[in-house]
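Below is final_24.txt, which holds compact mmCIF, C-alpha atoms and all ligand atoms.
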# COMPACT_ATOMS: atom_id res chain seq x y z
CA MET A 5 88.45 110.04 99.41
CA ASN A 6 89.35 107.62 102.17
CA THR A 7 91.39 108.62 105.21
CA PHE A 8 95.08 107.77 104.85
CA GLU A 9 98.61 108.15 106.17
CA PHE A 10 101.56 108.33 103.81
CA LYS A 11 105.21 107.96 104.65
CA ASN A 12 107.84 106.81 102.20
CA PRO A 13 111.34 107.28 103.60
CA THR A 14 113.34 105.86 100.64
CA LYS A 15 115.83 108.28 99.12
CA ILE A 16 115.88 108.03 95.33
CA ILE A 17 119.08 108.85 93.47
CA PHE A 18 118.06 109.00 89.81
CA GLY A 19 120.12 109.52 86.68
CA LYS A 20 123.09 108.76 84.49
CA ASP A 21 126.22 107.43 86.25
CA GLN A 22 124.73 107.79 89.71
CA ILE A 23 125.78 104.34 90.99
CA ASP A 24 128.99 105.92 92.29
CA GLN A 25 126.86 107.81 94.85
CA ILE A 26 126.42 104.68 96.97
CA LYS A 27 129.79 105.43 98.58
CA ASN A 28 128.21 108.48 100.23
CA GLU A 29 125.05 106.65 101.35
CA ILE A 30 126.50 103.61 103.10
CA PRO A 31 128.19 104.37 106.45
CA HIS A 32 131.95 103.78 106.38
CA ASP A 33 131.92 101.77 109.59
CA ALA A 34 129.37 99.29 108.18
CA LYS A 35 130.11 95.67 107.37
CA VAL A 36 128.37 95.41 104.02
CA LEU A 37 126.93 92.32 102.32
CA LEU A 38 126.59 92.89 98.58
CA LEU A 39 123.79 90.66 97.24
CA TYR A 40 123.15 89.89 93.59
CA GLY A 41 121.60 87.38 91.22
CA GLY A 42 122.83 85.00 88.56
CA GLY A 43 125.62 87.14 87.22
CA SER A 44 124.13 89.64 84.76
CA ILE A 45 125.80 92.44 86.74
CA LYS A 46 129.22 90.97 85.96
CA LYS A 47 128.56 91.12 82.21
CA ASN A 48 127.07 94.60 81.96
CA GLY A 49 129.57 96.53 84.06
CA ILE A 50 127.28 97.24 87.02
CA TYR A 51 129.31 95.00 89.37
CA GLU A 52 132.44 96.95 88.48
CA GLN A 53 130.74 100.28 89.15
CA VAL A 54 129.47 99.07 92.54
CA THR A 55 132.75 97.57 93.73
CA LYS A 56 134.71 100.61 92.53
CA ALA A 57 132.39 102.93 94.45
CA LEU A 58 132.78 100.80 97.60
CA LYS A 59 136.54 100.26 97.38
CA THR A 60 137.16 101.83 100.79
CA HIS A 61 134.20 100.07 102.46
CA ASN A 62 134.33 96.68 104.16
CA VAL A 63 132.34 94.52 101.71
CA ILE A 64 131.66 90.80 101.36
CA GLU A 65 129.43 89.21 98.69
CA PHE A 66 126.61 86.74 98.27
CA ALA A 67 125.76 85.78 94.68
CA GLY A 68 123.12 83.54 93.16
CA ILE A 69 119.75 84.84 94.33
CA PRO A 70 117.52 83.41 91.58
CA ALA A 71 114.50 84.96 89.87
CA ASN A 72 111.59 84.35 92.27
CA PRO A 73 113.95 84.47 95.27
CA GLU A 74 114.22 81.05 96.84
CA TYR A 75 113.93 80.63 100.59
CA ALA A 76 116.56 77.86 100.87
CA ILE A 77 119.17 80.04 99.15
CA LEU A 78 118.27 83.05 101.27
CA MET A 79 118.78 80.94 104.38
CA GLU A 80 122.38 80.40 103.23
CA ALA A 81 122.79 84.16 102.96
CA LEU A 82 121.29 84.57 106.43
CA LYS A 83 124.01 82.28 107.77
CA VAL A 84 126.66 84.51 106.18
CA ILE A 85 125.06 87.62 107.73
CA LYS A 86 125.19 86.05 111.19
CA GLU A 87 128.65 84.49 110.91
CA GLU A 88 130.25 87.57 109.39
CA GLN A 89 128.40 90.05 111.62
CA VAL A 90 127.09 92.00 108.66
CA THR A 91 125.43 95.32 109.54
CA TYR A 92 124.30 96.67 106.14
CA LEU A 93 122.85 95.01 103.03
CA LEU A 94 123.19 96.20 99.44
CA ALA A 95 120.92 94.63 96.81
CA VAL A 96 122.12 94.97 93.21
CA GLY A 97 119.50 93.55 90.89
CA GLY A 98 115.84 93.40 89.96
CA GLY A 99 112.80 92.67 92.10
CA SER A 100 114.04 89.21 93.04
CA VAL A 101 117.36 90.34 94.51
CA ILE A 102 115.72 93.30 96.24
CA ASP A 103 112.91 91.15 97.66
CA GLY A 104 115.41 88.54 98.82
CA THR A 105 117.35 91.30 100.54
CA LYS A 106 114.18 92.53 102.25
CA PHE A 107 113.58 89.04 103.60
CA LEU A 108 117.16 89.00 104.92
CA SER A 109 116.75 92.46 106.42
CA ALA A 110 113.74 91.14 108.37
CA ALA A 111 115.19 87.71 109.18
CA ALA A 112 118.50 89.14 110.43
CA LEU A 113 116.73 90.90 113.31
CA TYR A 114 113.94 88.33 113.80
CA ASP A 115 114.07 86.56 117.17
CA GLY A 116 111.68 83.65 116.41
CA ASP A 117 112.96 80.13 115.63
CA GLU A 118 111.66 79.76 112.08
CA PRO A 119 112.12 82.69 109.66
CA TRP A 120 109.52 81.18 107.30
CA ASP A 121 106.94 82.26 109.90
CA ILE A 122 107.56 85.86 108.78
CA LEU A 123 105.84 84.81 105.54
CA SER A 124 103.43 82.07 106.57
CA LYS A 125 102.18 83.92 109.66
CA ASN A 126 102.37 87.30 107.95
CA ILE A 127 104.53 88.87 110.68
CA ARG A 128 105.05 92.53 109.82
CA THR A 129 108.58 93.88 110.07
CA LEU A 130 108.75 97.07 112.11
CA GLU A 131 112.52 97.23 112.08
CA GLY A 132 114.92 95.52 109.69
CA MET A 133 118.65 95.61 109.03
CA PRO A 134 119.31 98.74 106.94
CA PHE A 135 119.74 98.15 103.21
CA GLY A 136 120.12 100.07 99.99
CA THR A 137 119.51 99.02 96.40
CA VAL A 138 120.96 99.53 92.95
CA LEU A 139 118.07 98.74 90.62
CA THR A 140 118.99 96.87 87.43
CA LEU A 141 115.50 96.05 86.12
CA PRO A 142 112.53 98.44 86.21
CA ALA A 143 109.36 96.46 86.96
CA THR A 144 108.31 95.72 90.51
CA GLY A 145 108.67 99.02 92.39
CA SER A 146 110.42 97.05 95.15
CA GLU A 147 113.15 99.70 95.13
CA MET A 148 110.76 102.16 96.76
CA ASN A 149 108.27 100.08 98.69
CA SER A 150 108.27 97.92 101.79
CA GLY A 151 106.93 94.65 100.39
CA ALA A 152 108.58 91.45 99.19
CA VAL A 153 107.51 88.13 97.71
CA ILE A 154 109.49 84.97 98.52
CA THR A 155 109.29 81.54 96.88
CA ARG A 156 109.73 78.16 98.52
CA ALA A 157 110.44 75.38 96.04
CA ASP A 158 109.89 72.39 98.35
CA THR A 159 106.29 73.38 99.12
CA LYS A 160 105.64 75.23 95.83
CA GLU A 161 104.61 78.37 97.72
CA LYS A 162 105.11 82.04 96.94
CA LEU A 163 104.13 84.34 99.80
CA ALA A 164 104.27 88.06 100.47
CA MET A 165 105.71 89.91 103.47
CA GLY A 166 106.36 93.49 104.44
CA GLY A 167 106.16 96.23 107.02
CA PRO A 168 107.36 99.78 107.61
CA GLY A 169 110.84 98.53 108.55
CA LEU A 170 111.45 97.26 105.00
CA PHE A 171 111.76 100.40 102.92
CA PRO A 172 115.21 100.66 101.32
CA VAL A 173 117.28 103.46 102.91
CA PHE A 174 118.21 104.53 99.37
CA SER A 175 117.83 103.28 95.81
CA VAL A 176 119.95 104.22 92.83
CA LEU A 177 118.04 104.36 89.53
CA ASP A 178 120.36 104.74 86.56
CA PRO A 179 118.22 104.29 83.42
CA GLN A 180 121.31 103.20 81.44
CA VAL A 181 121.11 99.78 83.14
CA ILE A 182 118.23 98.72 80.91
CA GLN A 183 120.52 98.44 77.88
CA SER A 184 121.54 94.90 78.79
CA ILE A 185 118.09 93.62 79.77
CA PRO A 186 116.83 90.86 77.44
CA HIS A 187 113.77 91.82 75.36
CA HIS A 188 111.41 89.43 77.18
CA GLN A 189 112.42 90.86 80.57
CA LEU A 190 111.76 94.41 79.36
CA VAL A 191 108.31 93.27 78.25
CA ASN A 192 107.80 91.68 81.68
CA GLY A 193 108.74 94.94 83.37
CA ILE A 194 106.27 97.00 81.36
CA THR A 195 103.50 94.45 81.96
CA ASP A 196 104.16 94.18 85.70
CA ALA A 197 104.20 97.95 86.26
CA PHE A 198 101.10 98.40 84.08
CA THR A 199 99.23 95.78 86.12
CA HIS A 200 100.35 97.36 89.41
CA VAL A 201 98.52 100.50 88.38
CA LEU A 202 95.44 98.55 87.28
CA GLU A 203 95.29 96.78 90.66
CA GLN A 204 95.10 100.14 92.44
CA TYR A 205 92.88 101.90 89.93
CA LEU A 206 90.36 99.47 88.40
CA THR A 207 88.05 99.29 91.38
CA TYR A 208 85.09 101.65 91.79
CA PRO A 209 84.78 105.46 91.66
CA THR A 210 85.56 107.22 94.94
CA GLY A 211 85.91 110.82 93.77
CA ALA A 212 89.69 110.68 94.12
CA TYR A 213 90.42 112.79 91.06
CA LEU A 214 94.12 113.23 91.65
CA GLN A 215 94.85 109.57 92.41
CA ASP A 216 92.91 108.57 89.28
CA ARG A 217 94.94 110.96 87.18
CA PHE A 218 98.23 109.81 88.75
CA SER A 219 97.28 106.28 87.71
CA GLU A 220 96.13 107.27 84.23
CA SER A 221 99.30 109.26 83.61
CA ILE A 222 101.50 106.29 84.53
CA LEU A 223 99.49 104.01 82.23
CA GLN A 224 99.67 106.54 79.39
CA THR A 225 103.41 106.97 79.86
CA LEU A 226 104.00 103.21 79.83
CA ILE A 227 101.94 102.85 76.64
CA GLU A 228 103.89 105.70 75.04
CA VAL A 229 107.38 104.52 75.96
CA ALA A 230 106.86 100.74 75.55
CA PRO A 231 107.59 100.68 71.79
CA GLN A 232 110.51 103.10 72.21
CA VAL A 233 112.14 101.09 74.98
CA LEU A 234 111.64 97.79 73.16
CA LYS A 235 113.04 99.18 69.91
CA ASP A 236 116.06 100.86 71.47
CA PRO A 237 116.87 100.29 75.17
CA ALA A 238 119.73 102.78 74.74
CA ASP A 239 117.21 105.60 74.20
CA TYR A 240 117.96 107.37 77.49
CA ASN A 241 114.85 109.48 77.57
CA ALA A 242 112.55 106.52 76.96
CA ALA A 243 114.48 104.46 79.53
CA SER A 244 114.17 107.24 82.13
CA ASN A 245 110.42 107.55 81.69
CA PHE A 246 110.02 103.78 81.79
CA MET A 247 112.10 103.43 84.95
CA TRP A 248 110.41 106.23 86.87
CA SER A 249 106.94 104.99 85.81
CA CYS A 250 107.69 101.54 87.23
CA THR A 251 108.82 103.03 90.54
CA MET A 252 105.83 105.37 90.78
CA ALA A 253 103.44 102.50 89.96
CA LEU A 254 104.15 100.81 93.28
CA ASN A 255 105.70 103.17 95.79
CA GLY A 256 102.46 103.61 97.70
CA LEU A 257 101.48 107.03 96.39
CA ILE A 258 98.70 106.14 93.94
CA GLN A 259 96.93 103.79 96.34
CA LYS A 260 96.50 106.35 99.12
CA GLY A 261 92.89 107.26 99.83
CA VAL A 262 91.46 104.76 97.34
CA PRO A 263 90.44 101.09 97.45
CA SER A 264 92.75 98.56 95.85
CA ASP A 265 92.24 95.10 94.44
CA TRP A 266 95.42 92.90 94.26
CA ALA A 267 93.44 89.74 93.43
CA VAL A 268 95.25 89.45 90.08
CA HIS A 269 98.56 89.27 91.95
CA ALA A 270 97.22 86.80 94.51
CA MET A 271 96.17 84.40 91.73
CA GLY A 272 99.22 85.15 89.59
CA HIS A 273 101.65 84.28 92.39
CA GLU A 274 100.14 80.80 92.51
CA LEU A 275 100.83 80.27 88.79
CA THR A 276 104.49 81.15 89.38
CA ALA A 277 104.64 78.89 92.43
CA LEU A 278 103.06 75.97 90.54
CA TYR A 279 104.60 76.31 87.07
CA GLY A 280 107.49 78.79 87.34
CA ILE A 281 105.82 81.20 84.88
CA ASP A 282 107.40 84.69 84.95
CA HIS A 283 105.55 86.94 87.41
CA ALA A 284 104.43 89.52 84.84
CA ARG A 285 103.10 86.86 82.47
CA THR A 286 100.92 85.35 85.19
CA LEU A 287 99.30 88.77 85.59
CA ALA A 288 98.60 89.03 81.87
CA VAL A 289 96.96 85.58 82.04
CA ILE A 290 94.70 86.42 84.99
CA ALA A 291 93.87 90.10 84.40
CA PRO A 292 91.48 89.86 81.39
CA SER A 293 89.47 87.04 83.05
CA HIS A 294 89.40 88.89 86.35
CA TYR A 295 88.04 92.07 84.76
CA ASN A 296 85.48 90.16 82.71
CA TYR A 297 84.34 88.12 85.73
CA ASN A 298 84.00 91.25 87.91
CA PHE A 299 82.62 93.35 85.09
CA GLU A 300 79.53 94.69 86.90
CA ALA A 301 81.49 95.83 89.96
CA LYS A 302 84.26 97.44 87.91
CA LYS A 303 82.52 98.75 84.81
CA GLU A 304 82.53 102.47 85.76
CA LYS A 305 86.27 102.53 86.31
CA LEU A 306 86.86 100.28 83.30
CA ALA A 307 84.93 102.75 81.13
CA GLN A 308 86.85 105.71 82.59
CA TYR A 309 90.11 103.87 81.90
CA GLY A 310 88.93 103.16 78.35
CA GLU A 311 88.07 106.79 77.75
CA ARG A 312 91.04 108.48 79.34
CA VAL A 313 93.82 106.00 78.62
CA TRP A 314 92.74 104.31 75.37
CA ASN A 315 90.68 107.19 73.91
CA ILE A 316 87.54 105.07 73.54
CA THR A 317 84.91 107.78 73.21
CA THR A 318 81.88 106.09 71.65
CA GLY A 319 79.28 103.68 73.02
CA SER A 320 77.71 103.04 76.41
CA THR A 321 79.56 102.60 79.70
CA GLU A 322 79.43 98.84 79.11
CA ASP A 323 80.74 99.15 75.54
CA LYS A 324 83.67 101.29 76.67
CA ALA A 325 84.42 98.98 79.57
CA HIS A 326 84.46 95.90 77.31
CA ALA A 327 86.63 97.68 74.76
CA ALA A 328 89.06 98.69 77.54
CA ILE A 329 89.57 95.05 78.56
CA GLU A 330 90.16 94.12 74.91
CA LYS A 331 92.67 96.95 74.48
CA THR A 332 94.55 95.81 77.57
CA GLU A 333 94.82 92.22 76.37
CA ALA A 334 95.86 93.42 72.89
CA PHE A 335 98.56 95.64 74.46
CA PHE A 336 100.04 92.60 76.22
CA ASN A 337 99.72 90.40 73.10
CA GLU A 338 101.36 93.01 70.87
CA MET A 339 104.41 93.00 73.13
CA GLY A 340 104.58 89.21 72.75
CA ILE A 341 102.90 88.23 76.01
CA ASP A 342 100.51 85.25 75.86
CA THR A 343 97.35 85.71 77.88
CA LYS A 344 96.11 82.13 78.31
CA LEU A 345 97.44 79.62 80.83
CA SER A 346 97.35 76.80 78.24
CA GLN A 347 99.98 78.72 76.23
CA TYR A 348 102.43 78.26 79.12
CA THR A 349 101.75 74.73 80.35
CA LYS A 350 100.06 71.57 79.10
CA ASP A 351 99.18 70.64 82.70
CA TYR A 352 96.68 73.42 83.23
CA GLU A 353 93.66 71.16 83.96
CA GLY A 354 92.93 71.20 87.70
CA THR A 355 94.88 74.42 88.35
CA ALA A 356 91.77 76.38 89.31
CA GLU A 357 90.76 73.78 91.89
CA ILE A 358 94.28 73.66 93.38
CA ILE A 359 94.40 77.44 93.76
CA SER A 360 90.94 77.76 95.26
CA LYS A 361 91.76 74.98 97.76
CA ARG A 362 94.97 76.75 98.76
CA PHE A 363 93.14 80.03 99.29
CA LYS A 364 90.52 78.29 101.40
CA ALA A 365 93.20 76.61 103.52
CA ARG A 366 94.87 79.99 104.09
CA GLY A 367 91.57 81.58 105.06
CA TRP A 368 91.62 83.89 102.03
CA GLU A 369 87.84 84.09 101.86
CA GLY A 370 87.41 87.62 100.57
CA LEU A 371 89.73 89.03 97.90
CA GLY A 372 89.39 92.20 95.86
CA GLU A 373 88.36 95.76 96.64
CA HIS A 374 85.03 94.59 98.11
CA GLN A 375 86.62 91.64 99.96
CA ASN A 376 83.89 89.49 98.47
CA LEU A 377 85.75 87.21 96.05
CA LYS A 378 85.53 83.75 97.54
CA PRO A 379 87.72 80.75 96.65
CA GLU A 380 84.83 79.56 94.44
CA ASP A 381 85.05 82.81 92.45
CA VAL A 382 88.81 82.45 92.19
CA GLU A 383 88.28 78.97 90.76
CA LYS A 384 86.00 80.37 88.05
CA ILE A 385 88.36 83.23 87.17
CA VAL A 386 91.36 80.92 86.84
CA LYS A 387 89.29 78.54 84.66
CA MET A 388 88.33 81.44 82.40
CA ALA A 389 92.07 82.04 81.96
CA TYR A 390 92.83 78.50 80.65
O1 LIG T 1 119.93 87.08 88.12
P1 LIG T 1 120.56 87.96 87.10
O2 LIG T 1 121.71 87.34 86.41
O3 LIG T 1 120.87 89.33 87.61
O4 LIG T 1 119.48 88.13 85.89
C1 LIG T 1 118.21 88.71 86.07
C2 LIG T 1 117.09 87.69 86.10
O5 LIG T 1 117.44 86.52 85.41
C3 LIG T 1 117.89 89.53 84.85
N1 LIG T 1 118.35 90.93 84.92
C4 LIG T 1 118.08 91.86 85.87
N2 LIG T 1 118.65 93.04 85.55
C5 LIG T 1 119.31 92.85 84.39
C6 LIG T 1 119.12 91.51 83.99
N3 LIG T 1 119.68 91.00 82.86
C7 LIG T 1 120.43 91.85 82.12
N4 LIG T 1 120.63 93.16 82.42
C8 LIG T 1 120.09 93.69 83.55
N5 LIG T 1 120.27 94.99 83.83
O6 LIG T 1 116.48 89.54 84.77
C9 LIG T 1 115.98 88.33 85.31
C10 LIG T 1 114.73 88.61 86.12
O7 LIG T 1 115.05 89.35 87.28
P2 LIG T 1 113.99 89.51 88.48
O8 LIG T 1 114.64 90.30 89.53
O9 LIG T 1 113.44 88.18 88.81
O10 LIG T 1 112.82 90.32 87.74
P3 LIG T 1 111.77 91.33 88.33
O11 LIG T 1 112.40 92.64 88.63
O12 LIG T 1 110.66 91.29 87.37
O13 LIG T 1 111.31 90.72 89.73
C11 LIG T 1 110.35 89.70 89.83
C12 LIG T 1 110.13 89.30 91.27
O14 LIG T 1 109.59 90.42 92.03
C13 LIG T 1 108.37 90.02 92.66
C14 LIG T 1 107.86 88.95 91.75
O15 LIG T 1 106.89 88.15 92.35
C15 LIG T 1 109.12 88.20 91.39
O16 LIG T 1 109.48 87.31 92.41
N6 LIG T 1 107.50 91.17 92.90
C16 LIG T 1 107.84 92.04 93.87
C17 LIG T 1 107.05 93.12 94.21
C18 LIG T 1 107.42 94.04 95.30
N7 LIG T 1 108.43 93.75 96.08
O17 LIG T 1 106.80 95.07 95.48
C19 LIG T 1 105.78 93.38 93.53
C20 LIG T 1 105.61 92.62 92.28
O18 LIG T 1 104.25 92.54 91.99
C21 LIG T 1 106.20 91.26 92.27
O19 LIG T 1 105.35 90.32 92.91
ZN ZN T 2 103.68 92.61 90.13
Using structure tokens, write down the structure that the file contains.
Amino acid sequence: MNTFEFKNPTKIIFGKDQIDQIKNEIPHDAKVLLLYGGGSIKKNGIYEQVTKALKTHNVIEFAGIPANPEYAILMEALKVIKEEQVTYLLAVGGGSVIDGTKFLSAAALYDGDEPWDILSKNIRTLEGMPFGTVLTLPATGSEMNSGAVITRADTKEKLAMGGPGLFPVFSVLDPQVIQSIPHHQLVNGITDAFTHVLEQYLTYPTGAYLQDRFSESILQTLIEVAPQVLKDPADYNAASNFMWSCTMALNGLIQKGVPSDWAVHAMGHELTALYGIDHARTLAVIAPSHYNYNFEAKKEKLAQYGERVWNITTGSTEDKAHAAIEKTEAFFNEMGIDTKLSQYTKDYEGTAEIISKRFKARGWEGLGEHQNLKPEDVEKIVKMAY
């Protein structure tokens, strides 16, 4: 097992009707900016719960953070933070609203001239403006990690940022919120969380028995609850297991002491930046090609995953590993997720070259757990995903 440090300071408040608790978590002398997305929280009653809980706090609002949080819109929110002397942020939404809030938390205390530098120059945030979250969509794990991904429409870029100053102070996880999530977004959430585990698990054996079993148990739980959640989002027990699995998939725990990959996300983010494809669907497009392309390097863990998660018990290591990739793709397809780029856009020709050029320009010369995937490899993987 590799040497590691682990600190996750986010307080989780989990369960039915827990949104009301935010009144005890946000200081009463704070000037609060409530941030949310396109309005789903006004239709499903979450907005009402939040504003009722904060009725004695000093709260102003910023609405309209879109899916794949857009830099230009966040810059408008930053203006509000500065003009109104906001001291505390509250994100009420999915990964996009939470990520947007993380950017604002960093940008509010950033003393450089151009906040985009935080992303383009990968400036880590050691201290941000404090913020809490009310999660409305289980998927990204953003509610309990310190990373964010921000989109910039004018340059068609989608870049990551983070740092120890960007953990939420608290996050409220009420599994009842999933009742209003559209079917395709629930499917996205399952797929995103599932792929987060794969990125941290499908590498090479390191003798980290516990981390492997943490990962396998999250994958097994997602496979078990996926049909239940999709059939009846009001099934509280299924919703609870789904929500907690998504958080645990990317709160840092399972990646401690083991190598991780993240090349699927690096390529996937480009497909969202170029074509606006939902984040989770880009992962389902890239993942099968990535695992097939890197088969030799990953086959031991692929076979272990096949055995322990998909109960594939016959055949050689290679047979099990191949079957595991097929099972994964079938799992996505059965939920209604297409796994080829050409199913999302007619303009797919040339995509692989564009992405490999971008990676080269950014100096991303070695992706994956061995840091040996070059832009030329990326080009081949993306082509395999057409
Ligand atoms: O904007 P509103 O009206 O709220 O509607 C949203 C949005 O249209 C809707 N929604 C959310 N909760 C709902 C709901 N509709 C009905 N009922 C509810 N309870 O769902 C739509 C999608 O929301 P979004 O926040 O975009 O989805 P998700 O949580 O999947 O977040 C995706 C973003 O997170 C980034 C992705 O790249 C993408 O930008 N990621 C963040 C990560 C992180 N911070 O750790 C890791 C991930 O790998 C990912 O990259
Ligand atoms: Zn993801």
- Counting only C-alpha atoms and all ligand atoms, name the residues that have an atom within 8 Å of an atom of ligand ZN 2 (chain T); the answer should be given as a PyMOL selection string. chain A and resi 143-144+196-197+199-200+269+283-284+287
- May I ask you to write as a VMD selection string all residues lying at most 7 Å from ligand LIG 1 (chain T), with only C-alpha atoms and all ligand atoms counted? chain A and resid 40 to 45 48 68 to 73 97 to 101 103 140 to 146 149 151 to 154 181 to 186 189 192 to 193 196 200 254 269 273 283 to 284
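Atom pair atom CA of Tyr208 of chain A / atom CA of Glu338 of chain A has a distance of 27.9 Å (rounded to one decimal).
Closest approach to Thr210 of chain A from the set A:Lys364, A:Lys260, A:Lys86, A:Lys331 is made by A:Lys260, with distances taken over only C-alpha atoms.
Residues in contact with Trp266 of chain A at 10 Å, where all atoms listed in the file are counted and same-chain residues fewer than 5 positions away are skipped, are listed as A:Thr199, A:His200, A:Leu202, A:Glu203, A:Gln204, A:Met271, A:Gly272, A:Leu371, A:Gly372, A:Glu373.
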- Please identify all polymer residues lying at most 12 Å from the point (118.7, 100.4, 102.4) (file coordinates), using all atoms listed in the file, and present the result as an NGL selection string. :A and (13-16 or 26 or 29-31 or 36-38 or 91-96 or 102-103 or 105-106 or 108-109 or 131-139 or 146-150 or 169-176)
- Query: Could you state the separation of atom CA of Phe107 of chain A and atom CA of Ala67 of chain A in Å, given to one decimal place?
  - Reply: 15.4 Å
- Would you list the contacts of Glu357 of chain A as a PyMOL selection string, taking every protein, DNA or RNA residue within 10 Å and counting only C-alpha atoms, but skipping same-chain residues closer than 5 positions in sequence? chain A and resi 362-363+379-380+382-384+386-387
- Item | Proximity to Trp314 of chain A - best of A:Tyr352, A:Val268, A:Leu234, A:Leu223, only C-alpha atoms |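 Comparing A:Tyr352, A:Val268, A:Leu234, A:Leu223 against Trp314 of chain A, the winner is A:Leu223.
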Any chance you could work out the axis-aligned box around segment 84-90 of chain A, listed atoms only, 6 Å on each side, giving centre and edge lengths in Å to one decimal, as lines of an AutoDock Vina configuration file?
center_x = 127.7
center_y = 88.2
center_z = 108.9
size_x = 17.2
size_y = 19.5
size_z = 17.4
- Message: Need to verify the contact set: Glu274 of chain A, 7 Å, all atoms listed in the file, exclusion of same-chain residues closer than 4 positions in sequence. Can you return it as JSON, numbers by chain?
- Response: {"A": [162, 270, 278, 359]}
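Among the candidates A:Ala307, A:Asp282, A:Gln89, A:Lys361, the one nearest to Gly319 of chain A when counting all atoms listed in the file is A:Ala307.
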- Query: Between A:Tyr213, A:Tyr390, A:Phe10, A:Tyr279, which is the closest to Leu257 of chain A once you count only C-alpha atoms?
  - Reply: A:Phe10
- Near-Glu228 of chain A list (12 Å; all atoms listed in the file; drop same-chain fewer than 3 positions) as number ranges by chain: A: 194, 198, 221-225, 231-234, 241-243, 245-246, 249, 313-314, 335
Applying 8 Å and all atoms listed in the file, which residues near Asn126 of chain A remain after dropping the ones on its own chain fewer than 3 positions away? List them as a compact mmCIF listing (two decimals) with C-alpha atoms, in the coordinates of the input.
# COMPACT_ATOMS: atom_id res chain seq x y z
CA ASP A 121 106.94 82.26 109.90
CA ILE A 122 107.56 85.86 108.78
CA LEU A 123 105.84 84.81 105.54
CA ALA A 164 104.27 88.06 100.47
CA MET A 165 105.71 89.91 103.47
